[in-house]
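*Asks:* Pasting structure.txt here (compact mmCIF, C-alpha atoms):
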# COMPACT_ATOMS: atom_id res chain seq x y z
CA MET A 1 9.03 22.03 -7.80
CA LYS A 2 9.12 20.76 -11.37
CA ASN A 3 11.88 18.27 -12.03
CA VAL A 4 14.25 19.49 -14.76
CA PHE A 5 14.10 16.05 -16.35
CA ASP A 6 10.35 16.40 -16.95
CA SER A 7 10.96 18.78 -19.84
CA ILE A 8 13.65 16.77 -21.62
CA GLU A 9 12.20 15.40 -24.84
CA GLY A 10 12.57 11.67 -25.32
CA ILE A 11 12.82 10.74 -21.66
CA LYS A 12 9.79 8.75 -20.55
CA LYS A 13 9.42 7.93 -16.90
CA ARG A 14 8.14 4.63 -15.62
CA THR A 15 5.26 4.75 -13.20
CA ALA A 16 5.41 3.23 -9.72
CA ILE A 17 2.21 2.95 -7.68
CA VAL A 18 1.86 2.47 -3.93
CA PHE A 19 -1.56 1.02 -3.11
CA PHE A 20 -2.91 1.63 0.40
CA ILE A 21 -5.75 -0.70 1.45
CA ILE A 22 -7.11 0.72 4.70
CA ASP A 23 -9.61 -0.70 7.19
CA GLN A 24 -12.12 1.97 8.21
CA SER A 25 -14.54 -0.31 10.07
CA GLY A 26 -16.11 0.75 13.36
CA SER A 27 -13.43 -0.97 15.45
CA MET A 28 -10.85 1.46 14.02
CA SER A 29 -12.46 4.39 15.88
CA GLY A 30 -10.52 6.69 18.19
CA LYS A 31 -6.74 6.51 18.36
CA LYS A 32 -6.42 3.92 15.59
CA ILE A 33 -7.98 5.92 12.76
CA GLY A 34 -6.53 9.10 14.24
CA SER A 35 -3.03 7.65 13.98
CA VAL A 36 -3.67 6.46 10.42
CA ASN A 37 -4.84 9.92 9.36
CA HIS A 38 -1.94 11.67 11.08
CA ALA A 39 0.69 9.30 9.67
CA MET A 40 -0.66 9.36 6.12
CA GLY A 41 -0.69 13.15 6.16
CA GLU A 42 2.94 13.23 7.26
CA SER A 43 4.03 10.47 4.86
CA ILE A 44 3.02 12.24 1.66
CA PRO A 45 5.71 14.99 1.84
CA GLU A 46 8.35 12.37 2.67
CA MET A 47 7.31 10.30 -0.34
CA CYS A 48 7.48 13.42 -2.52
CA LYS A 49 11.13 13.94 -1.57
CA LEU A 50 12.03 10.55 -3.03
CA VAL A 51 10.99 11.55 -6.55
CA GLU A 52 12.21 15.15 -6.66
CA ASP A 53 15.57 14.09 -8.08
CA ASN A 54 14.51 10.84 -9.72
CA ALA A 55 14.68 11.13 -13.51
CA ASP A 56 13.37 7.61 -14.06
CA ALA A 57 10.21 7.24 -11.97
CA ASP A 58 6.86 8.88 -11.39
CA LEU A 59 5.55 7.81 -7.99
CA CYS A 60 1.77 7.57 -7.68
CA ILE A 61 -0.60 6.71 -4.86
CA ALA A 62 -3.91 4.83 -4.91
CA VAL A 63 -6.10 4.49 -1.80
CA LEU A 64 -8.80 1.89 -1.20
CA ALA A 65 -10.82 2.04 2.03
CA PHE A 66 -13.08 -0.76 3.21
CA SER A 67 -15.82 -1.24 5.79
CA ASN A 68 -19.34 -2.01 4.51
CA GLY A 69 -17.98 -2.74 1.06
CA ALA A 70 -14.92 -1.03 -0.39
CA ILE A 71 -14.47 2.34 -2.09
CA TRP A 72 -11.61 3.91 -4.01
CA LEU A 73 -10.64 7.30 -2.62
CA THR A 74 -8.60 7.85 -5.79
CA SER A 75 -10.49 7.32 -9.05
CA GLN A 76 -7.10 6.87 -10.74
CA PRO A 77 -3.55 6.69 -9.36
CA VAL A 78 -2.46 10.22 -8.44
CA LYS A 79 1.08 11.56 -8.75
CA ILE A 80 2.40 11.88 -5.25
CA ARG A 81 3.31 15.55 -5.60
CA GLU A 82 -0.31 16.28 -6.60
CA TYR A 83 -1.95 14.24 -3.84
CA HIS A 84 -3.56 15.61 -0.69
CA TRP A 85 -4.62 13.27 2.12
CA ASN A 86 -8.22 13.61 3.31
CA ASN A 87 -8.91 12.16 6.75
CA LEU A 88 -10.92 8.95 6.99
CA SER A 89 -13.86 8.38 9.31
CA VAL A 90 -15.04 4.97 10.54
CA MET A 91 -18.19 2.90 10.16
CA GLY A 92 -19.52 -0.60 9.73
CA SER A 93 -17.93 -3.99 9.26
CA THR A 94 -14.70 -5.37 7.78
CA ASP A 95 -15.44 -6.45 4.21
CA MET A 96 -11.92 -7.60 3.37
CA GLY A 97 -13.02 -9.85 0.52
CA CYS A 98 -14.72 -6.91 -1.15
CA ALA A 99 -11.46 -4.95 -0.89
CA PHE A 100 -9.52 -7.79 -2.53
CA GLN A 101 -12.05 -7.94 -5.36
CA GLU A 102 -11.83 -4.19 -5.95
CA LEU A 103 -8.04 -4.28 -5.92
CA ASN A 104 -7.93 -7.18 -8.36
CA GLY A 105 -10.20 -5.30 -10.74
CA LYS A 106 -7.92 -2.27 -10.82
CA LEU A 107 -4.82 -4.39 -11.47
CA LYS A 108 -6.23 -5.58 -14.77
CA LYS A 109 -5.10 -3.91 -17.98
CA GLU A 110 -8.52 -2.59 -18.94
CA SER A 111 -8.93 -0.73 -15.63
CA GLY A 112 -6.61 2.09 -16.64
CA PHE A 113 -4.76 1.93 -13.31
CA MET A 114 -1.82 -0.08 -14.65
CA LYS A 115 0.29 0.67 -17.70
CA SER A 116 2.25 -1.85 -19.73
CA ALA A 117 5.16 -3.70 -18.15
CA SER A 118 7.64 -1.58 -20.11
CA GLU A 119 6.13 1.59 -18.61
CA SER A 120 5.73 0.46 -15.01
CA TYR A 121 7.61 -0.63 -11.95
CA ALA A 122 6.25 -3.41 -9.80
CA PRO A 123 3.74 -1.79 -7.42
CA ALA A 124 3.67 -1.82 -3.63
CA PHE A 125 0.68 -2.83 -1.52
CA VAL A 126 0.20 -1.72 2.09
CA LEU A 127 -2.76 -3.31 3.91
CA MET A 128 -3.85 -2.00 7.34
CA SER A 129 -6.43 -3.73 9.53
CA ASP A 130 -7.32 -4.21 13.19
CA GLY A 131 -9.83 -7.05 12.97
CA GLN A 132 -11.22 -10.19 11.39
CA PRO A 133 -12.79 -10.23 7.91
CA THR A 134 -16.59 -10.16 8.14
CA ASP A 135 -17.14 -11.46 4.62
CA SER A 136 -15.90 -14.43 2.60
CA TYR A 137 -12.43 -13.39 1.47
CA LYS A 138 -10.54 -16.57 0.56
CA MET A 139 -11.76 -17.06 -3.02
CA LYS A 140 -11.34 -13.36 -3.76
CA LEU A 141 -7.81 -13.42 -2.37
CA LYS A 142 -6.99 -16.45 -4.51
CA GLU A 143 -8.17 -14.59 -7.60
CA LEU A 144 -6.08 -11.58 -6.61
CA GLN A 145 -3.00 -13.78 -6.13
CA LYS A 146 -3.26 -14.91 -9.75
CA ASN A 147 -2.68 -11.36 -10.96
CA GLY A 148 0.92 -10.81 -12.07
CA TRP A 149 1.11 -7.25 -10.75
CA PHE A 150 0.07 -8.46 -7.29
CA LYS A 151 2.22 -11.57 -7.41
CA TYR A 152 5.42 -9.67 -8.08
CA GLY A 153 4.58 -6.52 -6.13
CA LEU A 154 5.94 -5.53 -2.73
CA LYS A 155 3.38 -6.53 -0.09
CA THR A 156 3.29 -5.35 3.53
CA ALA A 157 0.52 -5.59 6.13
CA ILE A 158 0.14 -3.69 9.39
CA ALA A 159 -1.72 -5.60 12.10
CA ILE A 160 -3.26 -3.07 14.48
CA GLY A 161 -3.83 -4.36 18.01
CA ASN A 162 -4.41 -7.83 19.49
CA ASP A 163 -7.59 -8.53 17.53
CA ALA A 164 -6.01 -8.19 14.08
CA ASP A 165 -6.14 -11.40 12.05
CA LYS A 166 -2.40 -11.86 11.56
CA LYS A 167 -2.84 -15.24 9.86
CA MET A 168 -5.07 -13.70 7.20
CA LEU A 169 -2.70 -10.74 6.77
CA ALA A 170 0.14 -13.21 6.19
CA GLU A 171 -1.99 -14.85 3.49
CA PHE A 172 -2.16 -11.44 1.80
CA THR A 173 1.57 -10.71 1.99
CA GLY A 174 2.72 -14.28 1.36
CA ASN A 175 4.81 -14.53 4.53
CA GLU A 176 4.68 -13.74 8.24
CA GLU A 177 7.80 -11.55 8.05
CA SER A 178 5.87 -8.94 6.05
CA VAL A 179 3.20 -8.55 8.75
CA ILE A 180 4.09 -5.82 11.25
CA GLU A 181 2.29 -5.80 14.61
CA VAL A 182 1.59 -2.53 16.39
CA HIS A 183 -0.19 -2.08 19.71
CA ASN A 184 -0.32 1.64 20.38
CA ALA A 185 -1.00 4.90 18.57
CA LYS A 186 2.57 6.19 18.61
CA ASP A 187 4.01 3.01 17.11
CA LEU A 188 1.23 2.87 14.51
CA ALA A 189 2.01 6.37 13.26
CA ARG A 190 5.74 5.60 13.12
CA VAL A 191 5.26 2.31 11.27
CA ILE A 192 2.86 3.73 8.68
CA LYS A 193 5.28 6.53 7.89
CA PHE A 194 8.28 4.18 7.73
CA VAL A 195 6.51 1.59 5.55
CA SER A 196 5.11 4.26 3.21
CA VAL A 197 8.51 5.80 2.56
CA ALA A 198 10.40 2.49 2.42
CA SER A 199 7.90 0.97 -0.01
CA SER A 200 8.12 4.05 -2.24
CA GLN A 201 11.89 3.88 -2.21
CA ILE A 202 11.92 0.20 -3.17
CA VAL A 203 9.39 0.38 -6.00
CA THR A 204 11.03 3.38 -7.64
CA SER A 205 14.41 1.66 -7.78
CA ALA A 206 15.56 0.22 -11.08
CA SER A 207 15.70 -3.31 -9.66
CA SER A 208 11.92 -3.40 -9.24
CA ALA A 209 11.03 -2.68 -12.86
CA VAL A 210 8.66 -5.26 -14.31
CA GLN A 211 9.85 -6.67 -17.62
CA GLY A 212 7.03 -9.20 -17.84
CA ALA A 213 5.85 -11.82 -15.37
CA ALA A 214 7.72 -14.60 -17.12
CA ASP A 215 11.04 -12.86 -16.52
CA GLN A 216 10.53 -12.33 -12.79
CA THR A 217 12.71 -14.82 -10.94
CA ALA A 218 14.15 -12.77 -8.08
CA ALA A 219 12.54 -12.92 -4.65
CA THR A 220 10.24 -10.03 -3.77
CA PRO A 221 11.92 -7.71 -1.23
CA ILE A 222 10.52 -7.27 2.27
CA VAL A 223 10.11 -4.03 4.23
CA THR A 224 11.89 -4.61 7.53
CA VAL A 225 10.98 -2.27 10.38
CA PRO A 226 13.86 -1.43 12.77
CA ALA A 227 13.32 -2.88 16.23
CA ASP A 228 13.79 0.48 17.92
CA LEU A 229 10.80 1.85 15.99
CA LEU A 230 8.44 -0.21 18.14
CA SER A 231 8.10 0.59 21.85
CA GLY A 232 6.20 -2.61 22.53
CA TYR A 233 3.71 -1.31 25.04
CA ASP A 234 0.04 -2.30 24.64
CA GLU A 235 -2.58 0.44 24.30
CA PHE A 236 -5.16 -0.72 21.78
Just give me the structure of the file as structure tokens.
*Replies:*
Amino acid sequence: MKNVFDSIEGIKKRTAIVFFIIDQSGSMSGKKIGSVNHAMGESIPEMCKLVEDNADADLCIAVLAFSNGAIWLTSQPVKIREYHWNNLSVMGSTDMGCAFQELNGKLKKESGFMKSASESYAPAFVLMSDGQPTDSYKMKLKELQKNGWFKYGLKTAIAIGNDADKKMLAEFTGNEESVIEVHNAKDLARVIKFVSVASSQIVTSASSAVQGAADQTAATPIVTVPADLLSGYDEF
């Protein structure tokens, strides 16, 4: 449904983007990728509800999948109410460094993904992985961390199973508290849905608007998953 505020002349919405960086390597086969696909499909309608009555923000989604290299599943950020999730398949290795390089490229002004600070809210980044990087990622992550949009964005990582490199995921988010461990398909689906909606809610709030990197002094918020959302049993 079209928001009544969309047609009011003179009102310009800021854009908020939620970036999903998703591991689709061979180790994600079976219940892992199945849970990701199921949860992402269910999360989109919930994210849409957040912007139906929001006169200030346009929520967009951008999806980057990585295995043997990294590929954008969205050529540009897509408004959430226009987005349809297409299920991922699995293959290959875990080229995390390649994903960081691709993400960094799209966070630069000339990429067309990001608008000016006066037109945008700080973005959210949700990284999902079940394994160890198979390429050299550290230098590419350091370059990504220099980008102002990444530095001041909301960062969450979902560590899937016992083999996930939680130390590396904490390097991405900046702290261990933003890395959420899941060990079974049911918990994974719940966590993806919760993090997707919570991240969208945070980045579309007025407090997350970017007024320029030099003005950002407040601590970046953290998505905290309720304890009762995780059953704790080990399946993966």
*Asks:* Counting only C-alpha atoms, figure out which residue out of A:Glu177, A:Phe172, A:Asn104, A:Ala189 gets nearest to Asn147 of chain A.
*Replies:*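 Between A:Glu177, A:Phe172, A:Asn104, A:Ala189, the residue approaching Asn147 of chain A most closely is A:Asn104.
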*Asks:* Taking only C-alpha atoms into account, name the residue in A:Gly69, A:Pro226, A:Gly232, A:Gly174 that is nearest to Leu141 of chain A.
*Replies:*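 Of all the options, A:Gly174 lies closest to Leu141 of chain A.
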*Asks:* Env of Lys146 of chain A: 12 Å cut, atoms = all atoms listed in the file, seq-sep filter 3 positions within chain, self excluded. Answer as a list in words.
*Replies:*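 Within the cut-off, the hits are Phe100, Asn104, Gly105, Leu107, Lys108, Met139, Lys140, Leu141, Lys142, Glu143, Trp149, Phe150, Lys151, Tyr152 and Ala213 of chain A.
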*Asks:* Between atom CA of Glu181 of chain A and atom CA of Ile158 of chain A, measure the distance and give it in Å to one decimal.
*Replies:*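 Atom CA of Ile158 of chain A lies at a distance of 6.0 Å from atom CA of Glu181 of chain A.
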*Asks:* Looking at all atoms listed in the file, which of A:Phe236, A:Trp85, A:Phe19, A:Tyr137 is the one that sits closest to Gln101 of chain A?
*Replies:* A:Tyr137
*Asks:* Would you kindly return, as a tab-separated table (two decimals) with C-alpha atoms, in the coordinates of the input, each protein, DNA or RNA residue with an atom no farther than 12 Å from any atom of Leu59 of chain A, considering only C-alpha atoms and excluding same-chain residues fewer than 6 positions away?
*Replies:*
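Okay, part_14.tsv is ready:
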chain	number	residue	atom	x	y	z
A	13	LYS	CA	9.42	7.93	-16.90
A	14	ARG	CA	8.14	4.63	-15.62
A	15	THR	CA	5.26	4.75	-13.20
A	16	ALA	CA	5.41	3.23	-9.72
A	17	ILE	CA	2.21	2.95	-7.68
A	18	VAL	CA	1.86	2.47	-3.93
A	19	PHE	CA	-1.56	1.02	-3.11
A	44	ILE	CA	3.02	12.24	1.66
A	46	GLU	CA	8.35	12.37	2.67
A	47	MET	CA	7.31	10.30	-0.34
A	48	CYS	CA	7.48	13.42	-2.52
A	49	LYS	CA	11.13	13.94	-1.57
A	50	LEU	CA	12.03	10.55	-3.03
A	51	VAL	CA	10.99	11.55	-6.55
A	52	GLU	CA	12.21	15.15	-6.66
A	53	ASP	CA	15.57	14.09	-8.08
A	77	PRO	CA	-3.55	6.69	-9.36
A	78	VAL	CA	-2.46	10.22	-8.44
A	79	LYS	CA	1.08	11.56	-8.75
A	80	ILE	CA	2.40	11.88	-5.25
A	81	ARG	CA	3.31	15.55	-5.60
A	82	GLU	CA	-0.31	16.28	-6.60
A	83	TYR	CA	-1.95	14.24	-3.84
A	120	SER	CA	5.73	0.46	-15.01
A	121	TYR	CA	7.61	-0.63	-11.95
A	122	ALA	CA	6.25	-3.41	-9.80
A	123	PRO	CA	3.74	-1.79	-7.42
A	124	ALA	CA	3.67	-1.82	-3.63
A	196	SER	CA	5.11	4.26	3.21
A	197	VAL	CA	8.51	5.80	2.56
A	199	SER	CA	7.90	0.97	-0.01
A	200	SER	CA	8.12	4.05	-2.24
A	201	GLN	CA	11.89	3.88	-2.21
A	202	ILE	CA	11.92	0.20	-3.17
A	203	VAL	CA	9.39	0.38	-6.00
A	204	THR	CA	11.03	3.38	-7.64
A	205	SER	CA	14.41	1.66	-7.78
*Asks:* Please determine, counting all atoms listed in the file, which residue among A:Ser89, A:Gln145, A:Thr173, A:Ser178 has the shortest atom-to-atom distance to Ser27 of chain A.
*Replies:*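 So, comparing all the options, the nearest one is A:Ser89.
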*Asks:* Could you tell me how far atom CA of Ile61 of chain A sits from atom CA of Glu176 of chain A, in Å to one decimal place?
*Replies:*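 One can read the atom CA of Glu176 of chain A to atom CA of Ile61 of chain A distance as 24.9 Å.
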*Asks:* Could you work out an axis-aligned box for segment 168-182 of chain A, taking every atom the file lists and adding 4 Å on each side, and report centre and edge lengths in Å to one decimal, as AutoDock Vina command-line options?
*Replies:*
--center_x 1.4 --center_y -8.7 --center_z 8.9 --size_x 20.9 --size_y 20.3 --size_z 23.0
*Asks:* So which one's closest to Glu235 of chain A, A:Met91, A:Val223, A:Leu154, A:Ala185? Using all atoms listed in the file, please.
*Replies:* A:Ala185
*Asks:* Mind pulling up the distance from atom CA of Ala39 of chain A to atom CA of Val191 of chain A?
*Replies:* 8.5 Å
*Asks:* Tell me, as a list in words, which residues lie within 7 Å of Asn37 of chain A, counting only C-alpha atoms; anything in the same chain fewer than 4 positions away does not count.
*Replies:*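 Answer for this query is Ile33, Gly41, Asn87 and Leu88 of chain A.
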*Asks:* Taking all atoms listed in the file into account, name the residue in A:Val182, A:Leu169, A:Ala57, A:Leu73 that is nearest to Tyr233 of chain A.
*Replies:*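 Nearest to Tyr233 of chain A: A:Val182.
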*Asks:* Which residues are close to His183 of chain A, i.e. within 12 Å by only C-alpha atoms, leaving aside same-chain residues fewer than 3 positions away? Reply as a list in words.
*Replies:*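 My reading of the contact set: Lys31, Lys32, Ser35, Asp130, Ile158, Ala159, Ile160, Gly161, Asn162, Asp163, Ala164, Ile180, Lys186, Asp187, Leu188, Ala189, Arg190, Val191, Leu230, Ser231, Gly232, Tyr233, Asp234, Glu235 and Phe236 of chain A.
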